[in-house]
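The file protein.txt comes next; it holds compact mmCIF, C-alpha atoms.
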```txt
# COMPACT_ATOMS: atom_id res chain seq x y z
CA MET A 1 39.01 41.22 33.75
CA ASP A 2 37.05 39.47 36.49
CA GLN A 3 33.44 39.12 35.36
CA ARG A 4 32.28 40.61 38.63
CA VAL A 5 33.75 43.98 37.61
CA MET A 6 30.56 45.79 36.69
CA ALA A 7 29.77 49.16 35.19
CA HIS A 8 26.77 49.53 37.49
CA GLY A 9 26.95 46.53 39.79
CA ALA A 10 24.04 44.90 37.96
CA MET A 11 23.36 41.21 37.51
CA ASP A 12 26.23 39.77 35.46
CA GLY A 13 27.50 43.31 34.89
CA MET A 14 29.69 43.30 31.82
CA ASP A 15 29.59 40.09 29.88
CA MET A 16 33.22 39.57 28.90
CA SER A 17 32.46 36.59 26.68
CA ARG A 18 32.73 38.83 23.61
CA PRO A 19 35.85 40.95 24.19
CA SER A 20 36.94 42.87 21.10
CA MET A 21 38.02 46.27 19.91
CA ALA A 22 34.45 46.80 18.70
CA GLY A 23 32.69 46.95 22.02
CA MET A 24 31.58 45.45 25.29
CA THR A 25 28.35 43.80 26.26
CA MET A 26 26.45 44.85 29.40
CA SER A 27 23.72 42.61 30.75
CA GLY A 28 20.93 43.14 33.27
CA GLN A 29 21.34 46.92 33.51
CA GLY A 30 18.50 49.32 32.77
CA SER A 31 18.31 53.08 33.11
CA GLY A 32 19.58 54.70 36.30
CA THR A 33 19.95 51.93 38.88
CA SER A 34 17.05 49.89 37.52
CA ARG A 35 17.43 46.32 36.38
CA VAL A 36 16.25 44.30 33.41
CA PRO A 37 16.46 40.51 32.91
CA PRO A 38 20.08 39.25 32.92
CA ASN A 39 19.49 37.87 29.41
CA GLU A 40 18.91 41.44 28.21
CA LYS A 41 22.22 42.67 26.82
CA MET A 42 23.40 45.88 25.22
CA THR A 43 26.66 46.13 23.29
CA MET A 44 28.44 49.50 23.32
CA PRO A 45 31.64 50.57 21.58
CA MET A 46 34.52 50.77 24.05
CA VAL A 47 37.71 52.79 24.35
CA GLY A 48 40.35 51.40 26.71
CA LEU A 49 41.96 54.05 28.92
CA GLY A 50 44.68 51.93 30.48
CA GLY A 51 44.50 49.39 33.25
CA SER A 52 40.89 48.45 33.90
CA SER A 53 39.47 51.89 33.07
CA MET A 54 37.31 52.24 30.01
CA LEU A 55 34.94 54.57 28.19
CA MET A 56 31.77 53.18 26.60
CA LEU A 57 29.70 55.09 24.06
CA GLY A 58 26.23 54.67 22.59
CA GLY A 59 23.21 56.50 21.25
CA TYR A 60 20.84 57.02 18.36
CA VAL A 61 19.30 59.51 15.94
CA TRP A 62 15.69 58.69 15.06
CA PRO A 63 13.88 60.66 12.29
CA ILE A 64 10.11 60.03 12.57
CA TYR A 65 6.93 61.10 10.83
CA THR A 66 3.66 60.69 12.71
CA HIS A 67 0.01 61.26 11.89
CA GLN A 68 -2.66 61.23 14.61
CA SER A 69 -6.28 61.32 13.36
CA GLY A 70 -9.42 63.06 14.57
CA PRO A 71 -10.29 66.59 15.70
CA ARG A 72 -7.49 66.58 18.29
CA GLY A 73 -5.00 64.87 15.99
CA ASP A 74 -2.03 66.37 14.21
CA ASP A 75 0.94 65.33 12.10
CA LYS A 76 4.61 66.14 12.40
CA PHE A 77 8.07 65.22 11.16
CA TYR A 78 10.59 65.29 13.99
CA ALA A 79 13.74 63.58 15.22
CA GLN A 80 14.52 62.02 18.57
CA SER A 81 18.12 61.64 19.66
CA MET A 82 20.21 60.41 22.55
CA GLY A 83 23.95 60.16 23.18
CA MET A 84 25.45 58.19 26.09
CA ALA A 85 28.92 57.98 27.61
CA MET A 86 29.98 55.85 30.58
CA LEU A 87 33.42 56.06 32.17
CA THR A 88 34.29 53.21 34.54
CA ALA A 89 37.35 52.71 36.71
CA PRO A 90 38.46 50.55 39.65
CA PHE A 91 38.07 51.98 43.14
CA THR A 92 39.49 50.67 46.39
CA GLY A 93 37.29 47.74 47.30
CA GLY A 94 35.04 48.19 44.26
CA ARG A 95 34.54 50.37 41.19
CA PHE A 96 33.36 53.82 40.18
CA SER A 97 31.49 55.14 37.15
CA LEU A 98 30.54 58.51 35.68
CA ASN A 99 27.53 58.63 33.37
CA ALA A 100 26.33 61.24 30.90
CA MET A 101 23.31 61.10 28.62
CA MET A 102 22.19 63.98 26.41
CA SER A 103 19.55 64.65 23.77
CA LEU A 104 18.84 67.24 21.07
CA ASP A 105 15.09 66.77 21.57
CA PRO A 106 14.81 70.37 22.85
CA ALA A 107 15.24 71.43 19.21
CA MET A 108 11.59 70.41 18.83
CA LYS A 109 9.01 72.98 19.81
CA HIS A 110 8.18 73.07 23.50
CA ASP A 111 5.05 70.98 22.94
CA GLY A 112 6.96 68.01 21.51
CA TYR A 113 5.14 65.70 19.11
CA PRO A 114 1.50 64.62 18.61
CA LEU A 115 0.42 61.61 20.68
CA LEU A 116 -3.30 61.13 21.29
CA PHE A 117 -4.31 60.70 24.95
CA ALA A 118 -0.82 61.48 26.28
CA THR A 119 -0.71 64.02 29.12
CA GLY A 120 1.89 65.41 31.50
CA GLU A 121 4.08 68.50 31.95
CA GLU A 122 3.46 71.91 30.35
CA ALA A 123 4.34 74.10 27.35
CA GLN A 124 3.79 77.85 27.03
CA GLY A 125 2.23 77.75 30.49
CA ARG A 126 -0.47 75.25 29.50
CA PRO A 127 -0.74 71.55 30.36
CA LEU A 128 0.26 69.27 27.50
CA VAL A 129 -2.64 67.17 26.23
CA ASP A 130 -2.45 64.80 23.24
CA ARG A 131 1.25 65.66 22.98
CA GLN A 132 4.44 64.03 24.23
CA HIS A 133 6.95 66.49 25.66
CA PRO A 134 10.55 66.44 24.38
CA HIS A 135 13.39 65.18 26.55
CA ASP A 136 15.78 67.65 28.17
CA LEU A 137 19.27 68.31 26.80
CA PHE A 138 20.71 66.75 29.95
CA MET A 139 19.04 63.37 30.46
CA GLU A 140 21.62 62.13 32.97
CA LEU A 141 24.70 63.51 34.72
CA SER A 142 25.47 61.07 37.49
CA GLY A 143 28.05 58.99 39.28
CA ARG A 144 27.98 55.63 41.00
CA LEU A 145 30.24 53.98 43.55
CA ASP A 146 30.04 50.21 44.18
CA LEU A 147 31.82 48.62 47.14
CA ASP A 148 32.17 44.85 47.60
CA ILE A 149 30.74 43.90 51.00
CA ALA A 150 30.48 40.10 50.50
CA PRO A 151 31.15 37.61 47.70
CA GLY A 152 28.85 38.66 44.85
CA THR A 153 27.25 41.44 46.89
CA THR A 154 27.86 45.19 46.71
CA ALA A 155 26.66 48.31 48.45
CA PHE A 156 26.24 51.24 46.09
CA LEU A 157 25.70 54.99 46.12
CA TYR A 158 24.35 56.69 43.00
CA GLY A 159 23.15 60.17 42.13
CA GLY A 160 23.85 63.54 40.63
CA PRO A 161 22.30 66.80 39.43
CA VAL A 162 20.41 64.88 36.70
CA ALA A 163 19.69 61.27 37.62
CA GLU A 164 16.94 58.68 38.02
CA PRO A 165 15.46 57.64 41.38
CA ALA A 166 14.53 54.09 42.34
CA LEU A 167 10.95 54.23 41.10
CA GLY A 168 9.28 52.14 38.41
CA PRO A 169 10.73 49.84 35.75
CA SER A 170 13.58 50.85 33.47
CA ALA A 171 12.63 53.84 31.30
CA PHE A 172 10.91 52.90 28.04
CA MET A 173 13.75 53.92 25.71
CA HIS A 174 16.12 51.55 27.57
CA ARG A 175 13.86 48.46 27.52
CA ALA A 176 14.42 45.81 24.85
CA SER A 177 10.65 45.33 24.71
CA ALA A 178 10.28 48.94 23.45
CA TRP A 179 13.58 49.41 21.59
CA TYR A 180 12.03 50.02 18.14
CA ASN A 181 8.80 51.73 19.23
CA PRO A 182 9.18 55.44 18.38
CA GLU A 183 6.30 56.60 20.58
CA ALA A 184 6.38 57.10 24.32
CA PRO A 185 3.72 55.13 26.21
CA ILE A 186 0.63 57.18 27.08
CA THR A 187 1.16 55.66 30.55
CA HIS A 188 4.63 57.25 30.77
CA HIS A 189 3.61 59.48 33.72
CA TRP A 190 2.40 56.45 35.64
CA PHE A 191 5.51 54.29 35.25
CA ASP A 192 8.81 55.94 34.31
CA SER A 193 8.47 59.72 33.99
CA THR A 194 11.05 60.21 36.76
CA HIS A 195 13.87 58.96 34.49
CA ILE A 196 14.97 62.61 34.15
CA THR A 197 15.05 64.10 37.65
CA TYR A 198 16.94 67.21 38.75
CA GLY A 199 18.48 66.02 41.95
CA ASP A 200 18.72 62.43 43.16
CA VAL A 201 20.63 60.37 45.73
CA THR A 202 20.11 56.59 45.71
CA ALA A 203 21.66 54.01 48.03
CA GLY A 204 21.22 50.27 47.87
CA VAL A 205 22.52 46.75 48.15
CA ALA A 206 22.89 44.57 45.04
CA ALA A 207 23.47 40.85 44.48
CA PRO A 208 23.24 38.76 41.30
CA LYS A 209 19.57 37.90 41.84
CA TRP A 210 18.21 40.81 43.87
CA GLN A 211 18.55 44.50 44.66
CA LEU A 212 17.11 46.75 47.38
CA GLU A 213 17.40 50.54 47.12
CA ALA A 214 15.99 53.85 48.31
CA SER A 215 16.14 57.36 46.88
CA ALA A 216 15.74 60.99 47.89
CA PHE A 217 15.00 63.20 44.89
CA ARG A 218 13.21 66.22 43.44
CA GLY A 219 9.55 65.41 42.81
CA ARG A 220 8.68 68.20 40.35
CA GLU A 221 8.79 67.27 36.66
CA PRO A 222 11.20 69.23 34.43
CA ASP A 223 9.85 72.53 33.13
CA GLU A 224 9.41 73.47 29.47
CA PHE A 225 12.84 75.17 29.20
CA ARG A 226 14.81 72.08 28.28
CA TRP A 227 18.29 73.38 27.47
CA ASN A 228 19.26 74.11 31.08
CA ILE A 229 19.88 72.27 34.35
CA GLU A 230 17.25 73.06 36.98
CA SER A 231 17.92 73.50 40.68
CA PRO A 232 18.27 70.09 42.37
CA LYS A 233 16.15 69.36 45.43
CA LEU A 234 15.59 66.38 47.70
CA ASP A 235 11.93 66.79 48.65
CA SER A 236 10.61 63.35 47.66
CA TRP A 237 11.49 59.72 48.32
CA SER A 238 11.06 56.20 46.91
CA VAL A 239 11.97 52.56 47.56
CA ARG A 240 12.33 49.68 45.10
CA ALA A 241 12.95 45.94 45.26
CA SER A 242 14.08 43.94 42.22
CA PHE A 243 14.37 40.18 41.86
CA ALA A 244 15.61 37.96 39.02
CA PRO A 245 14.47 34.37 39.67
CA SER A 246 16.22 33.27 36.46
CA PRO A 247 18.25 34.89 33.65
CA ALA A 248 15.04 35.33 31.65
CA TRP A 249 13.00 37.20 34.27
CA LEU A 250 13.10 40.41 36.29
CA VAL A 251 10.31 41.56 38.61
CA GLN A 252 10.25 44.84 40.49
CA ALA A 253 7.97 46.63 42.92
CA SER A 254 8.41 50.25 43.90
CA TYR A 255 6.70 53.01 45.84
CA GLY A 256 7.36 56.72 45.88
CA HIS A 257 6.03 59.89 47.46
CA LEU A 258 6.47 62.76 44.98
CA TYR A 259 6.17 66.36 46.12
CA ALA A 260 3.96 68.36 43.70
CA PRO A 261 5.21 66.57 40.56
CA GLU A 262 2.97 68.34 38.04
CA ALA A 263 2.93 72.11 37.58
CA ALA A 264 -0.74 71.80 36.57
CA HIS A 265 -1.48 70.45 40.07
CA PRO A 266 0.83 72.57 42.25
CA ASN A 267 -0.95 71.70 45.51
CA GLU A 268 -1.11 67.95 44.94
CA ASP A 269 1.51 65.43 45.95
CA GLU A 270 1.53 61.97 44.42
CA LYS A 271 1.93 58.53 45.93
CA ARG A 272 3.04 56.28 43.08
CA THR A 273 3.06 52.48 43.17
CA THR A 274 4.43 50.32 40.35
CA VAL A 275 4.80 46.58 39.81
CA SER A 276 6.32 45.03 36.68
CA ALA A 277 7.58 41.76 35.26
CA GLN A 278 10.03 41.68 32.35
CA TYR A 279 10.99 38.68 30.24
CA ASN A 280 13.85 38.11 27.81
CA ASN A 281 14.65 34.64 26.45
CA GLY A 282 18.08 35.70 25.17
CA LYS A 283 17.03 34.73 21.63
CA GLY A 284 15.25 37.87 20.44
CA LEU A 285 11.99 37.79 22.39
CA SER A 286 11.45 40.37 25.13
CA ALA A 287 8.29 41.50 26.89
CA MET A 288 7.00 43.43 29.87
CA ALA A 289 3.73 43.57 31.82
CA ALA A 290 3.22 46.29 34.41
CA PHE A 291 0.67 47.97 36.69
CA ALA A 292 0.83 51.41 38.29
CA ALA A 293 -1.33 53.57 40.54
CA LYS A 294 -1.11 57.34 41.03
CA ASP A 295 -2.72 58.34 44.31
CA ARG A 296 -3.05 62.11 44.38
CA ALA A 297 -2.91 63.72 47.79
CA PRO A 298 -5.45 65.24 47.90
CA GLY A 299 -7.33 63.65 45.03
CA ARG A 300 -8.32 60.39 43.40
CA THR A 301 -6.28 57.29 42.60
CA LEU A 302 -5.71 56.66 38.89
CA THR A 303 -4.48 53.30 37.63
CA ALA A 304 -2.74 52.11 34.48
CA TRP A 305 -1.75 48.83 32.83
CA LEU A 306 0.96 48.30 30.24
CA GLY A 307 2.06 45.36 28.11
CA GLU A 308 4.70 45.45 25.39
CA VAL A 309 6.68 42.96 23.33
CA ASN A 310 9.57 42.92 20.86
CA TRP A 311 10.25 39.82 18.73
CA ASP A 312 13.30 39.56 16.47
CA LEU A 313 12.04 37.10 13.87
CA SER A 314 15.46 36.93 12.22
CA ARG A 315 18.62 38.96 11.84
CA HIS A 316 16.75 41.57 9.80
CA HIS A 317 13.05 41.43 10.75
CA THR A 318 11.44 42.56 14.01
CA LEU A 319 7.82 42.76 15.13
CA PHE A 320 6.79 44.75 18.19
CA GLY A 321 3.67 45.95 19.91
CA ARG A 322 2.18 47.63 22.94
CA ILE A 323 -1.19 47.68 24.69
CA GLU A 324 -2.03 50.22 27.39
CA ASN A 325 -5.05 50.90 29.55
CA VAL A 326 -5.18 54.06 31.64
CA ASN A 327 -7.64 56.09 33.70
CA ASN A 328 -6.84 59.75 33.01
CA ASP A 329 -8.50 62.93 34.33
CA GLU A 330 -6.20 65.45 32.59
CA LEU A 331 -7.67 65.34 29.06
CA PHE A 332 -9.61 68.60 29.58
CA PRO A 333 -7.41 71.07 31.52
CA ASP A 334 -9.71 74.04 30.79
CA HIS A 335 -11.66 74.65 34.01
CA ALA A 336 -14.60 75.96 31.96
CA SER A 337 -15.07 72.62 30.21
CA PRO A 338 -17.87 70.42 31.59
CA LEU A 339 -15.44 67.50 31.24
CA HIS A 340 -12.70 69.15 33.30
CA ASP A 341 -11.30 66.79 35.94
CA VAL A 342 -13.47 63.90 34.68
CA ALA A 343 -11.55 60.61 34.53
CA PHE A 344 -11.85 58.57 31.32
CA ARG A 345 -10.47 55.06 30.88
CA VAL A 346 -8.96 54.47 27.44
CA THR A 347 -7.07 51.59 25.84
CA LYS A 348 -4.44 51.98 23.13
CA PHE A 349 -3.36 49.17 20.81
CA GLU A 350 -0.15 49.55 18.82
CA ALA A 351 1.72 47.25 16.44
CA GLY A 352 4.93 47.84 14.50
CA TYR A 353 7.59 46.38 12.22
CA ALA A 354 11.29 47.18 11.76
CA TYR A 355 13.72 46.03 9.08
CA ARG A 356 17.22 46.01 10.54
CA LEU A 357 20.57 46.15 8.76
CA PRO A 358 24.13 47.04 9.80
CA LEU A 359 25.89 50.09 8.34
CA GLY A 360 29.49 49.67 9.44
CA PRO A 361 29.65 50.73 13.11
CA LEU A 362 25.99 51.81 13.00
CA ASN A 363 22.74 49.88 12.99
CA LEU A 364 19.81 51.06 10.88
CA ALA A 365 16.16 50.13 11.47
CA LEU A 366 13.48 51.14 8.96
CA GLY A 367 9.88 50.66 9.98
CA GLY A 368 6.59 52.00 11.19
CA THR A 369 3.67 51.57 13.56
CA ALA A 370 -0.11 51.69 13.50
CA SER A 371 -2.31 52.33 16.53
CA ALA A 372 -5.99 52.34 17.45
CA ILE A 373 -7.71 53.56 20.59
CA ALA A 374 -10.81 52.30 22.41
CA LYS A 375 -12.50 55.03 24.45
CA PRO A 376 -15.84 55.99 26.00
CA ASN A 377 -18.52 57.22 23.56
CA ALA A 378 -18.66 60.48 25.53
CA LEU A 379 -15.38 61.46 23.85
CA ASP A 380 -16.61 60.98 20.26
CA ALA A 381 -17.32 64.68 19.73
CA VAL A 382 -13.79 65.62 20.77
CA TYR A 383 -11.66 62.75 19.43
CA GLY A 384 -13.85 61.30 16.68
CA LYS A 385 -15.45 57.89 16.76
CA SER A 386 -12.33 55.82 16.00
CA PRO A 387 -9.09 57.79 16.51
CA MET A 388 -6.00 56.18 15.04
CA GLY A 389 -2.35 56.97 14.40
CA TYR A 390 0.65 55.79 12.46
CA THR A 391 4.38 56.47 12.24
CA VAL A 392 7.21 55.78 9.80
CA PHE A 393 10.82 55.98 10.97
CA ALA A 394 14.50 55.36 10.37
CA LYS A 395 16.54 54.68 13.51
CA PHE A 396 20.34 55.02 13.33
CA SER A 397 21.96 53.63 16.47
CA LEU A 398 25.49 53.19 17.81
CA GLY A 399 25.46 50.08 19.98
CA ASP A 400 22.56 47.69 20.37
```

Just dump the structure as structure tokens.
Amino acid sequence: MDQRVMAHGAMDGMDMSRPSMAGMTMSGQGSGTSRVPPNEKMTMPMVGLGGSSMLMLGGYVWPIYTHQSGPRGDDKFYAQSMGMAMLTAPFTGGRFSLNAMMSLDPAMKHDGYPLLFATGEEAQGRPLVDRQHPHDLFMELSGRLDLDIAPGTTAFLYGGPVAEPALGPSAFMHRASAWYNPEAPITHHWFDSTHITYGDVTAGVAAPKWQLEASAFRGREPDEFRWNIESPKLDSWSVRASFAPSPAWLVQASYGHLYAPEAAHPNEDEKRTTVSAQYNNGKGLSAMAAFAAKDRAPGRTLTAWLGEVNWDLSRHHTLFGRIENVNNDELFPDHASPLHDVAFRVTKFEAGYAYRLPLGPLNLALGGTASAIAKPNALDAVYGKSPMGYTVFAKFSLGD
């Protein structure tokens, strides 16, 4: 197959240098229509359907135990999961793909898992604080059409009832720099919380080194009832530009206007700006640095910084880490609290290790993380003087 035949029209698309019955390698493609460095590759098992049509499969099951210390801490054993299927076929003048991604995370309670200083969305009618919400059953149900308009250049149309608009870097669970980190970033609602959106239409132009795109989508975050598909809307918009100056680098800048994204702030829109740079040397080292600003309308502007790295020391040993700094005014949702609506800047440091080994068609990673948080002294009475957390996990994945 011509190497320009791409599942999502991204970068080098499918790297056909490793054809086999076992799988196919995709490079440069992140979640939704987002991009990652061309060196960043993911191999997925493949089923040929005749001609140039094919079905690719992937996913993981990730049992995790976490303990978060302090008065607001908690512990929990839970499991994250994700299953992906991508059907690709030729189309006159280009190619077409159908994408499905699902998760059994809704089997958790509505309030998800403990994660100190994480905020966003609701459970049982209350804003989630110090918890990370579970993913929805339907993480993506979308289609994409790519049409060749010039040598190496395509115009594309993407979207569906559950899809991801052109806003922010690739979602954290699809970045190589975060592949073995079991915890969502506490900056998730600054950078990539729109990766599950009920209603999205994205159009753009893509070339090997750059991509320009714009989206119309539903701004409201998913509700706490995570087994269903919510009513799609197109009440918000975003634009994104991506550029890969070399195979090792990908930079993106995006801006979006979200209509009332948080149920806890029903009368506030959000203007979100993100900038990120991702690096992958193609030899096991990947990293990302990013900045985001949430400008509430009406309201204040809250900023966040994120850095993360994943380093495969050898075939079996991986080190990874993350550092985040965020200004958050949602830690005290109770209007009677004297700290309600007060913004506090906190920094989280996290380091982890994974031991990797193949199990036939599966890959297993055994590991854990430890985290510490620097915060203002005014929060000592609520969080303790030195809140910390740790996890232990076993990640079973199909594809890598």

Figure out the distance between atom CA of Gly219 of chain A and atom CA of Lys348 of chain A, please, to one decimal in Å.
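Taking atom CA of Lys348 of chain A as the start and atom CA of Gly219 of chain A as the end point, the length is 27.6 Å.
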
Hey, can you check how far atom CA of Phe225 of chain A sits from atom CA of Tyr259 of chain A?
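Separation between atom CA of Phe225 of chain A and atom CA of Tyr259 of chain A: 20.2 Å.
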
Please report the interatomic distance between atom CA of Pro338 of chain A and atom CA of Gly70 of chain A in Å with one decimal.
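It comes out at 20.4 Å.
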
Using only C-alpha atoms for the distances, tell me which of A:Ser371, A:Ser103, A:Ser53, A:Thr33 is nearest to Thr202 of chain A.
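That would be A:Thr33, the residue with the smallest distance to Thr202 of chain A.
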
Could you tell me which of A:Ala216, A:Ala244, A:Ala184, A:Met101 comes closest to Met56 of chain A if we count only C-alpha atoms?
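Of A:Ala216, A:Ala244, A:Ala184, A:Met101, the one nearest Met56 of chain A is A:Met101, counting only C-alpha atoms.
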
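You can rank A:Val346, A:Leu331, A:Ala378, A:Ala248 by their closest distance to Gln278 of chain A using only C-alpha atoms, and at the top of that list sits A:Ala248.
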
Restricting to only C-alpha atoms, whichever of A:Met42, A:Ala365, A:Leu116, A:Ala277 is closest to Gly30 of chain A is A:Met42

Tell me, as a VMD selection string, which residues lie within 6 Å of segment 157-159 of chain A, counting only C-alpha atoms; anything in the same chain fewer than 2 positions away does not count.
chain A and resid 142 to 145 163 200 to 203

Take the point (10.5, 58.6, 13.7) as written in the file and pick out every residue within 10 Å of it, counting only C-alpha atoms; give the list as a list in words.
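Residues found, by chain and rising number: Val61, Trp62, Pro63, Ile64, Tyr65, Thr66, Lys76, Phe77, Tyr78, Ala79, Gln80, Tyr180, Asn181, Pro182, Glu183, Leu366, Gly367, Gly368, Thr369, Thr391, Val392, Phe393, Ala394 and Lys395 of chain A.
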
Near-segment 86-95 of chain A list (6 Å; only C-alpha atoms; drop same-chain fewer than 5 positions) as number ranges by chain
A: 53-56, 146-148

Around the point (26.3, 56.4, 19.5) in the file's coordinates, collect all residues with an atom within 10 Å, using only C-alpha atoms, and return them as a ChimeraX atom specification.
/A:44-45,56-61,81-85,361-363,396-400

When you count all atoms listed in the file, which of these residues is closest to Ala107 of chain A: A:Asp329, A:Asp136, A:Asp380, A:Glu40?
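Looking only at the distances to Ala107 of chain A, the closest residue turns out to be A:Asp136.
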
List the neighbours of Ser193 of chain A out to 12 Å using only C-alpha atoms; skip same-chain residues closer than 4 positions along the sequence, and give me the result as JSON, numbers by chain.
{"A": [31, 119, 120, 121, 132, 133, 134, 135, 139, 163, 164, 165, 166, 167, 168, 169, 170, 171, 172, 173, 184, 185, 186, 187, 188, 189, 197, 219, 220, 221, 222, 258, 261, 262, 272]}

For Ala155 of chain A, the nearest of the candidates A:Asn281, A:Thr194, A:Gln211, A:Asn228, counting only C-alpha atoms:
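Counting only C-alpha atoms, the residue closest to Ala155 of chain A is A:Gln211.
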
Env of Gly299 of chain A: 12 Å cut, atoms = all atoms listed in the file, seq-sep filter 2 positions within chain, self excluded. Answer as an NGL selection string.
:A and (265 or 267-271 or 294-297 or 301-302 or 329 or 341 or 343)

Any idea what's packed within 12 Å of Arg315 of chain A, counting all atoms listed in the file, ignoring anything in its chain fewer than 6 positions away? Could you give it as a list of chain:residue names?
A:Lys283, A:Gly284, A:Ala354, A:Tyr355, A:Arg356, A:Leu357, A:Pro358, A:Asn363, A:Ala365

Could you save those same residues with C-alpha atoms as a PDB file, in the frame of the given file?
```
ATOM      1  CA  LYS A 283      17.030  34.730  21.630  1.00  0.00           C
ATOM      2  CA  GLY A 284      15.250  37.870  20.440  1.00  0.00           C
ATOM      3  CA  ALA A 354      11.290  47.180  11.760  1.00  0.00           C
ATOM      4  CA  TYR A 355      13.720  46.030   9.080  1.00  0.00           C
ATOM      5  CA  ARG A 356      17.220  46.010  10.540  1.00  0.00           C
ATOM      6  CA  LEU A 357      20.570  46.150   8.760  1.00  0.00           C
ATOM      7  CA  PRO A 358      24.130  47.040   9.800  1.00  0.00           C
ATOM      8  CA  ASN A 363      22.740  49.880  12.990  1.00  0.00           C
ATOM      9  CA  ALA A 365      16.160  50.130  11.470  1.00  0.00           C
TER      10      ALA A 365
END
```

How would segment 284-302 of chain A read, as an mmCIF file, in the coordinates of the input, once N, CA and C atoms are built in?
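Final file, out-v1.cif:
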```cif
data_model
loop_
_atom_site.group_PDB
_atom_site.id
_atom_site.type_symbol
_atom_site.label_atom_id
_atom_site.label_comp_id
_atom_site.auth_asym_id
_atom_site.auth_seq_id
_atom_site.Cartn_x
_atom_site.Cartn_y
_atom_site.Cartn_z
ATOM 1 N N GLY A 284 15.971 36.888 21.255
ATOM 2 C CA GLY A 284 15.250 37.870 20.440
ATOM 3 C C GLY A 284 13.831 38.148 20.853
ATOM 4 N N LEU A 285 13.339 37.522 21.920
ATOM 5 C CA LEU A 285 11.990 37.790 22.390
ATOM 6 C C LEU A 285 12.052 38.456 23.759
ATOM 7 N N SER A 286 11.490 39.646 23.858
ATOM 8 C CA SER A 286 11.450 40.370 25.130
ATOM 9 C C SER A 286 10.052 40.941 25.330
ATOM 10 N N ALA A 287 9.629 41.027 26.587
ATOM 11 C CA ALA A 287 8.290 41.500 26.890
ATOM 12 C C ALA A 287 8.238 42.073 28.292
ATOM 13 N N MET A 288 7.218 42.886 28.539
ATOM 14 C CA MET A 288 7.000 43.430 29.870
ATOM 15 C C MET A 288 5.515 43.574 30.124
ATOM 16 N N ALA A 289 5.078 43.287 31.344
ATOM 17 C CA ALA A 289 3.730 43.570 31.820
ATOM 18 C C ALA A 289 3.854 44.363 33.106
ATOM 19 N N ALA A 290 3.048 45.419 33.257
ATOM 20 C CA ALA A 290 3.220 46.290 34.410
ATOM 21 C C ALA A 290 1.892 46.917 34.829
ATOM 22 N N PHE A 291 1.820 47.272 36.112
ATOM 23 C CA PHE A 291 0.670 47.970 36.690
ATOM 24 C C PHE A 291 1.192 49.137 37.513
ATOM 25 N N ALA A 292 0.455 50.250 37.484
ATOM 26 C CA ALA A 292 0.830 51.410 38.290
ATOM 27 C C ALA A 292 -0.414 52.110 38.810
ATOM 28 N N ALA A 293 -0.252 52.774 39.954
ATOM 29 C CA ALA A 293 -1.330 53.570 40.540
ATOM 30 C C ALA A 293 -0.765 54.907 40.979
ATOM 31 N N LYS A 294 -1.435 55.993 40.563
ATOM 32 C CA LYS A 294 -1.110 57.340 41.030
ATOM 33 C C LYS A 294 -2.189 57.760 42.024
ATOM 34 N N ASP A 295 -1.794 57.927 43.264
ATOM 35 C CA ASP A 295 -2.720 58.340 44.310
ATOM 36 C C ASP A 295 -2.419 59.798 44.626
ATOM 37 N N ARG A 296 -3.265 60.697 44.132
ATOM 38 C CA ARG A 296 -3.050 62.110 44.380
ATOM 39 C C ARG A 296 -3.433 62.452 45.818
ATOM 40 N N ALA A 297 -2.655 63.332 46.409
ATOM 41 C CA ALA A 297 -2.910 63.720 47.790
ATOM 42 C C ALA A 297 -2.940 65.253 47.889
ATOM 43 N N PRO A 298 -4.139 65.889 47.913
ATOM 44 C CA PRO A 298 -5.450 65.240 47.900
ATOM 45 C C PRO A 298 -5.888 64.909 46.467
ATOM 46 N N GLY A 299 -6.820 63.988 46.343
ATOM 47 C CA GLY A 299 -7.330 63.650 45.030
ATOM 48 C C GLY A 299 -7.616 62.170 44.904
ATOM 49 N N ARG A 300 -7.935 61.768 43.676
ATOM 50 C CA ARG A 300 -8.320 60.390 43.400
ATOM 51 C C ARG A 300 -7.093 59.545 43.067
ATOM 52 N N THR A 301 -7.304 58.234 43.048
ATOM 53 C CA THR A 301 -6.280 57.290 42.600
ATOM 54 C C THR A 301 -6.576 56.876 41.169
ATOM 55 N N LEU A 302 -5.583 56.996 40.296
ATOM 56 C CA LEU A 302 -5.710 56.660 38.890
ATOM 57 C C LEU A 302 -4.766 55.513 38.570
#
```
